[in-house]
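One structure is given here, and the rest of the page talks about it.
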Amino acid sequence: MASRGICDRVAIVGMGCTAFGEHWDRGTDDLLVEAVGTATQSTSVAIDDVDAFWLGTYMSGVSGLTLSRPLRIRDKPVSRVENMCATGSEALRGAAYAVASGAYDIAMAVGVEKLKDSGYSGLTRQSIPGDGTGGTLGTTTAPANFSLLAPAYGRKYGVDEDQLKEVFTRIAWKNHKNGSRNPRAQFRREVTRETIACSPLVAGSLGVFDCSGVSDGAAAAIVVRAEDAYRYTKRPLFVKALSFVSGAADGNVDPGYDFTTFPEVAASAREAYRQAGVSDPRAQIAMAEVHDCFTVTELVLMEDLGFAPRGTAWKDVLAGTFDLDGALPVNPDGGLKAFGHPVGASGLRMLYECWLQLRDEAPDERRIASTGKTMGLTHNLGGGPGECVSFVSIVGTERS
Amino acid sequence: MTSLLSYGSYIPYHRLRRSDMQAALGASGGRGSRAVASYDEDVVSMAVEAGSAALRGQRCLPERLYFATSFPPYLDKTNAAVVHAALGLDRATLAVDMAGSPRSVIGALLAASEARVPALAVVADIRTGLPGSSDEREGGDAAAAFLFGRGTSETPELATVLAFASTTEEFLERWRTPGEKASHTWEERFAEHVYRPLAEEAFTTSLKAADLAPGQIDHLVVSGLAARAVRQFAQASGVRPEAVVDNLADRIGNPGAAQPGVLLAAALDRAGAGENVALVHLADGASALLMRTTEHLLSRRSPTGVLGQVDGSHGELSYTAFLTWRGMLDREPPRRPEPDPPAAPPTRRSAGYKLAFQAARCDACGAVNVPPGRVCFACSAADQMSQRSLRDTPATVATFTVDRLAFTPSPPMVAVVVDFDGGGRFRCELADATPADVRIGLRVGLTFRRLLTADGVHNYFWKARPLHEDGTRL
């Protein structure tokens with residue numbers, strides 16, 4: 001019994017990603033048609049060549065028909081998958097494993113979410129008949145759930161409230177700055193640190209600008225066997241690692257959990273590094289796209305992903321380590337902060353930035369420095385502190 | 001008749017100044033304040049608080065529960081059953097409502113004191129009226145509970161019931177049809193005229209039965225919503241003026257059906273051993289209950305008492321918040337989906353946790369699982385759990401946040417993760433607190449609340465509430 005991974009057995013040979021934003025004039029079907037179309041156009045694969053599809057959507061449709069209907073896909077399997085905010089990454093896992101198994105030659109992972117049709121800001125929950133005790137993620141909102149990290153982190157590592165706020169502000173500032181250079185981002189303006197720091201409080205010490213937005217979007221990736229990859233593109237992305245952890249949801253039950261980490265993220269990162277043969281992520285990873293749903297989340301992720309020792313990531317943030325021109329650029333596309341979070345699409349949107357950056361297709365104004373490093377990481381999280389699912393992928397341009 | 005074995009009271013945390021009410025409506029004056037049940041409290045949740053206080057540390061558990069209120073959250077469905085569940089009473093214990101009028105309290109006290117088995121009378125009320133009315137200004141919200149039974153060496157009698165007498169008469173003094181937001185009353189002078197002989201007759205009859213003279217009453221409680229009549233009877237009763245128990249109206253208002261209970265508790269709080277306590281309640285007639293205290297009262301009553309709750313730490317409430325909480329001010333709802341009501345089957349399955357806050361202690365490793373699950377979070381042992389309620393177990397805040405986005409009638413919501421002494425963690429709201437009150441390390445206890453009402457279903461569950469510095473409950 002072992003998790004063996006599929007390092008270098010499959011490759012991504014085509015991708016598409018819509019602009020993310022408030023698409024009042026376009027529906028789920030439009031977003032799907034565009035993402036799938038741009039993915040197939042990016043390579044020499046026609047949609048009829050695709051043998052199987054995995055569609056990730058949290059709440060914009062049920063069943064594979066959500067994809068096969070608008071695209072009129074006939075006689076093919078379409079699996080609809082859902083894993084909270086890691087739904088897009090779950091679609092990629094399905095497609096990648098299916099190809100690695102030998103069952104299919106070509107598979108496509110698609111993620112979509114249409115949030116702005118609900119009339120509400122923020123995510124709405126699907127209602128499952130319950131006992132009214134709300135589970136542990138019941139009555140409080142997502143920003144509140146994540147903001148629980150702040151006082152616990154500050155207290156454990158001796159970082160006072162003002163310092164923490166400066167760290168959060170720096171993260172938001174960085175991601176908005178990166179996003180301002182990305183035509184697909186929802187928010188394409190730089191935001192001053194003063195504006196961020198003084199924005200109205202939403203939960204705990206998190207202000208409006210510490211929270212990611214709500215948007216619509218879709219993205220798609222075409223997966224083939226690694227040995228076939230160069231038939232479709234000169235620059236494939238080889239899948240080095242796909243790891244996924246669904247937590248025991250005991251952080252809100254176990255007094256031993258201290259709200260300064262996501263143990264599920266740390267575990268999924270360890271597993272991904274093992275699959276990919278990464279021993280020093282901070283040194284070996286060229287760039288990372290991480291789940292910055294809130295600024296405090298990105299801070300804690302830097303430690304859980306092994307980019308900084310425990311209790312020190314805040315110093316790295318302030319030192320610019322994770323800036324676009326830093327030693328390890330994090331969220332060079334602008335992250336959830338600048339893109340908003342169409343749940344089913346975000347995981348594949350992260351992968352899309354690896355697709356652009358590692359293959360030297362990112363525009364000059366946000367291209368990461370050429371360092372000879374060939375691997376990128378995506379991290380996708382669903383749930384909240386104490387109770388979450390975590391996905392980590394590592395992709396690279398070289399097949400060992 | 002049996003004897004009083006224990007009692008408890010509950011005064012909600014919030015106070016509304018009468019001068020603020022007056023000022024908001026362009027009037028002047030207004031003296032003192034009234035107690036206000038929080039937006040997440042109702043008579044049932046307050047009854048649970050008072051009932052818990054009466055039963056805390058008690059070995060004798062009631063086999064009957066009588067719940068009196070003028071403001072039942074449910075019709076058709078027994079409100080007392082929720083109190084019964086939250087207090088963790090035995091399934092064989094009868095729980096019934098005596099609901100509708102402030103007189104119901106007498107029925108509950110009498111039924112409990114005359115029962116052949118240990119019986120708990122719980123009384124709770126929320127009083128309000130139309131904006132600017134005297135009912136709104138002078139009303140109050142509170143609860144009290146009294147456990148009656150036969151004394152034992154473990155559970156000695158705190159007081160014995162000496163006599164009871166009552167008069168009943170039908171007249172139009174105060175009334176309300178179901179669904180109406182406020183009561184109607186006739187002239188106060190009419191009430192005074194009608195109640196006077198009714199109260200005198202009940203009181204005199206009870207004194208005669210106990211072979212006592214008015215001068216031998218050491219503590220007289222006169223209660224009722226007809227303020228003039230109540231005042232008049234207290235003066236004309238023949239009881240020494242200093243024996244008349246303060247009605248607390250200037251500090252908490254008149255909590256209707258709960259007033260006799262709260263004031264009787266206040267009288268017992270101040271009584272010495274071997275003293276005579278009289279309760280006279282004016283409501284659609286009058287009732288008089290005479291009790292004599294024992295030497296056990298002094299050592300066994302709560303050190304906090306009613307006055308500790310009345311004068312203890314409390315929150316100032318704005319009149320607009322009060323109107324909003326009582327449904328008198330219909331404010332724009334948040335742009336969020338309506339909350340779902342709890343569903344009947346899952347609610348019934350988890351009743352032990354949801355209502356009695358039963359946690360599961362793992363027999364294999366001792367870890368306390370909240371909510372109770374079948375597989376232990378600590379050692380993964382399956383189905384080796386023992387249930388135990390953490391209702392009265394103190395806890396400490398591990399981390400917290402202030403949620404300014406969450407829907408609550410009292411924004412912002414203060415949310416905490418708390419760790420119970422002896423194990424177990426619970427994530428919940430912090431009630432009766434402001435953002436300035438919360439910090440890591442804060443000591444809290446549980447409090448039973450009505451989280452919300454959706455589709456006509458009241459969702460009761462638990463929240464945390466700060467404890468006093470000395471660890472006692474607020």
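Every chain in the structure tokens has a letter given in the order shown (A, B, ...), and although residue numbers restart at 1 in each chain, ligands are simply numbered from 1 in the order shown.
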Please determine the contact residues of chain A with respect to chain B at a cut-off of 7 Å, counting only C-alpha atoms, and supply them as a count of residues only.
-> 22
Distance query A:Gly384 at most 12 Å, only C-alpha atoms, self and fewer than 4 positions along chain excluded, as a VMD selection string = chain A and resid 84 to 86 136 to 138 140 to 149 246 to 247 249 to 252 259 to 265 291 to 294 296 to 297 380 388 to 390
Any idea what's packed within 7 Å of stretch 16-18 of chain B, counting only C-alpha atoms, ignoring anything in its chain fewer than 5 positions away? Could you give it as a list in words?
->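 Non-adjacent residues within range: Gly30, Arg31, Gly32, Ser33, Arg34, Ala35, Val36, Arg137, Glu316, Leu317, Ser318 and Tyr319 of chain B.
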Choose the residue, out of A:Ser370, A:Thr321, A:Asn175, A:Thr397, that has the smallest atom-to-atom separation from A:Trp355; count only C-alpha atoms.
->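 Looking at the shortest contact to A:Trp355, the residue is A:Thr397.
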Residues within 6 Å of stretch 265-280 of chain B, only C-alpha atoms, excluding chain neighbours under 5 positions, as a PyMOL selection string | chain B and resi 217-222+287-295+306
Among stretch 94-313 of chain B, which ones does DSSP place in alpha helix (DSSP H), written as number ranges by chain?
-> B: 104-114, 134-138, 188-210, 227-236, 249-252, 259-270, 296-300, 305-311
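Excluding A:Phe168 itself and same-chain residues fewer than 6 positions from it, the residues having an atom within 10 Å of it are Ala150, Asp162, Lys174, Arg193, Ile196, Ala197, Ser205, Leu206, Gly207, Phe209, Asp210, Phe294, Thr295, Val296, Thr297, Glu298, Leu299, Trp314, Val317 and Leu318 of chain A, counting only C-alpha atoms.
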Apply DSSP to the structure's backbone, then extract all residues of stretch 365-426 of chain B labelled strand (DSSP E) and return them as a list of chain:residue names.
->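 The strand (DSSP E) subset of stretch 365-426 of chain B is B:Val368, B:Asn369, B:Met385, B:Ser386, B:Gln387, B:Arg388, B:Ser389, B:Ala395, B:Thr396, B:Val397, B:Ala398, B:Thr399, B:Phe400, B:Thr401, B:Val402, B:Asp403, B:Met413, B:Val414, B:Ala415, B:Val416, B:Val417, B:Val418, B:Asp419, B:Phe420, B:Arg425, B:Phe426.
Taking atom CA of B:Ser166 and atom CA of B:Phe190 as the two end points, the separation is 20.3 Å.
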A:Val395 surroundings by only C-alpha atoms, 8 Å radius, close-in-sequence under 5 positions cut, as a PyMOL selection string = chain A and resi 237-241+354+375-377
Just give me the gap between atom CA of B:Ser38 and atom CA of B:Ala431 in Å, one decimal is fine.
-> 8.8 Å
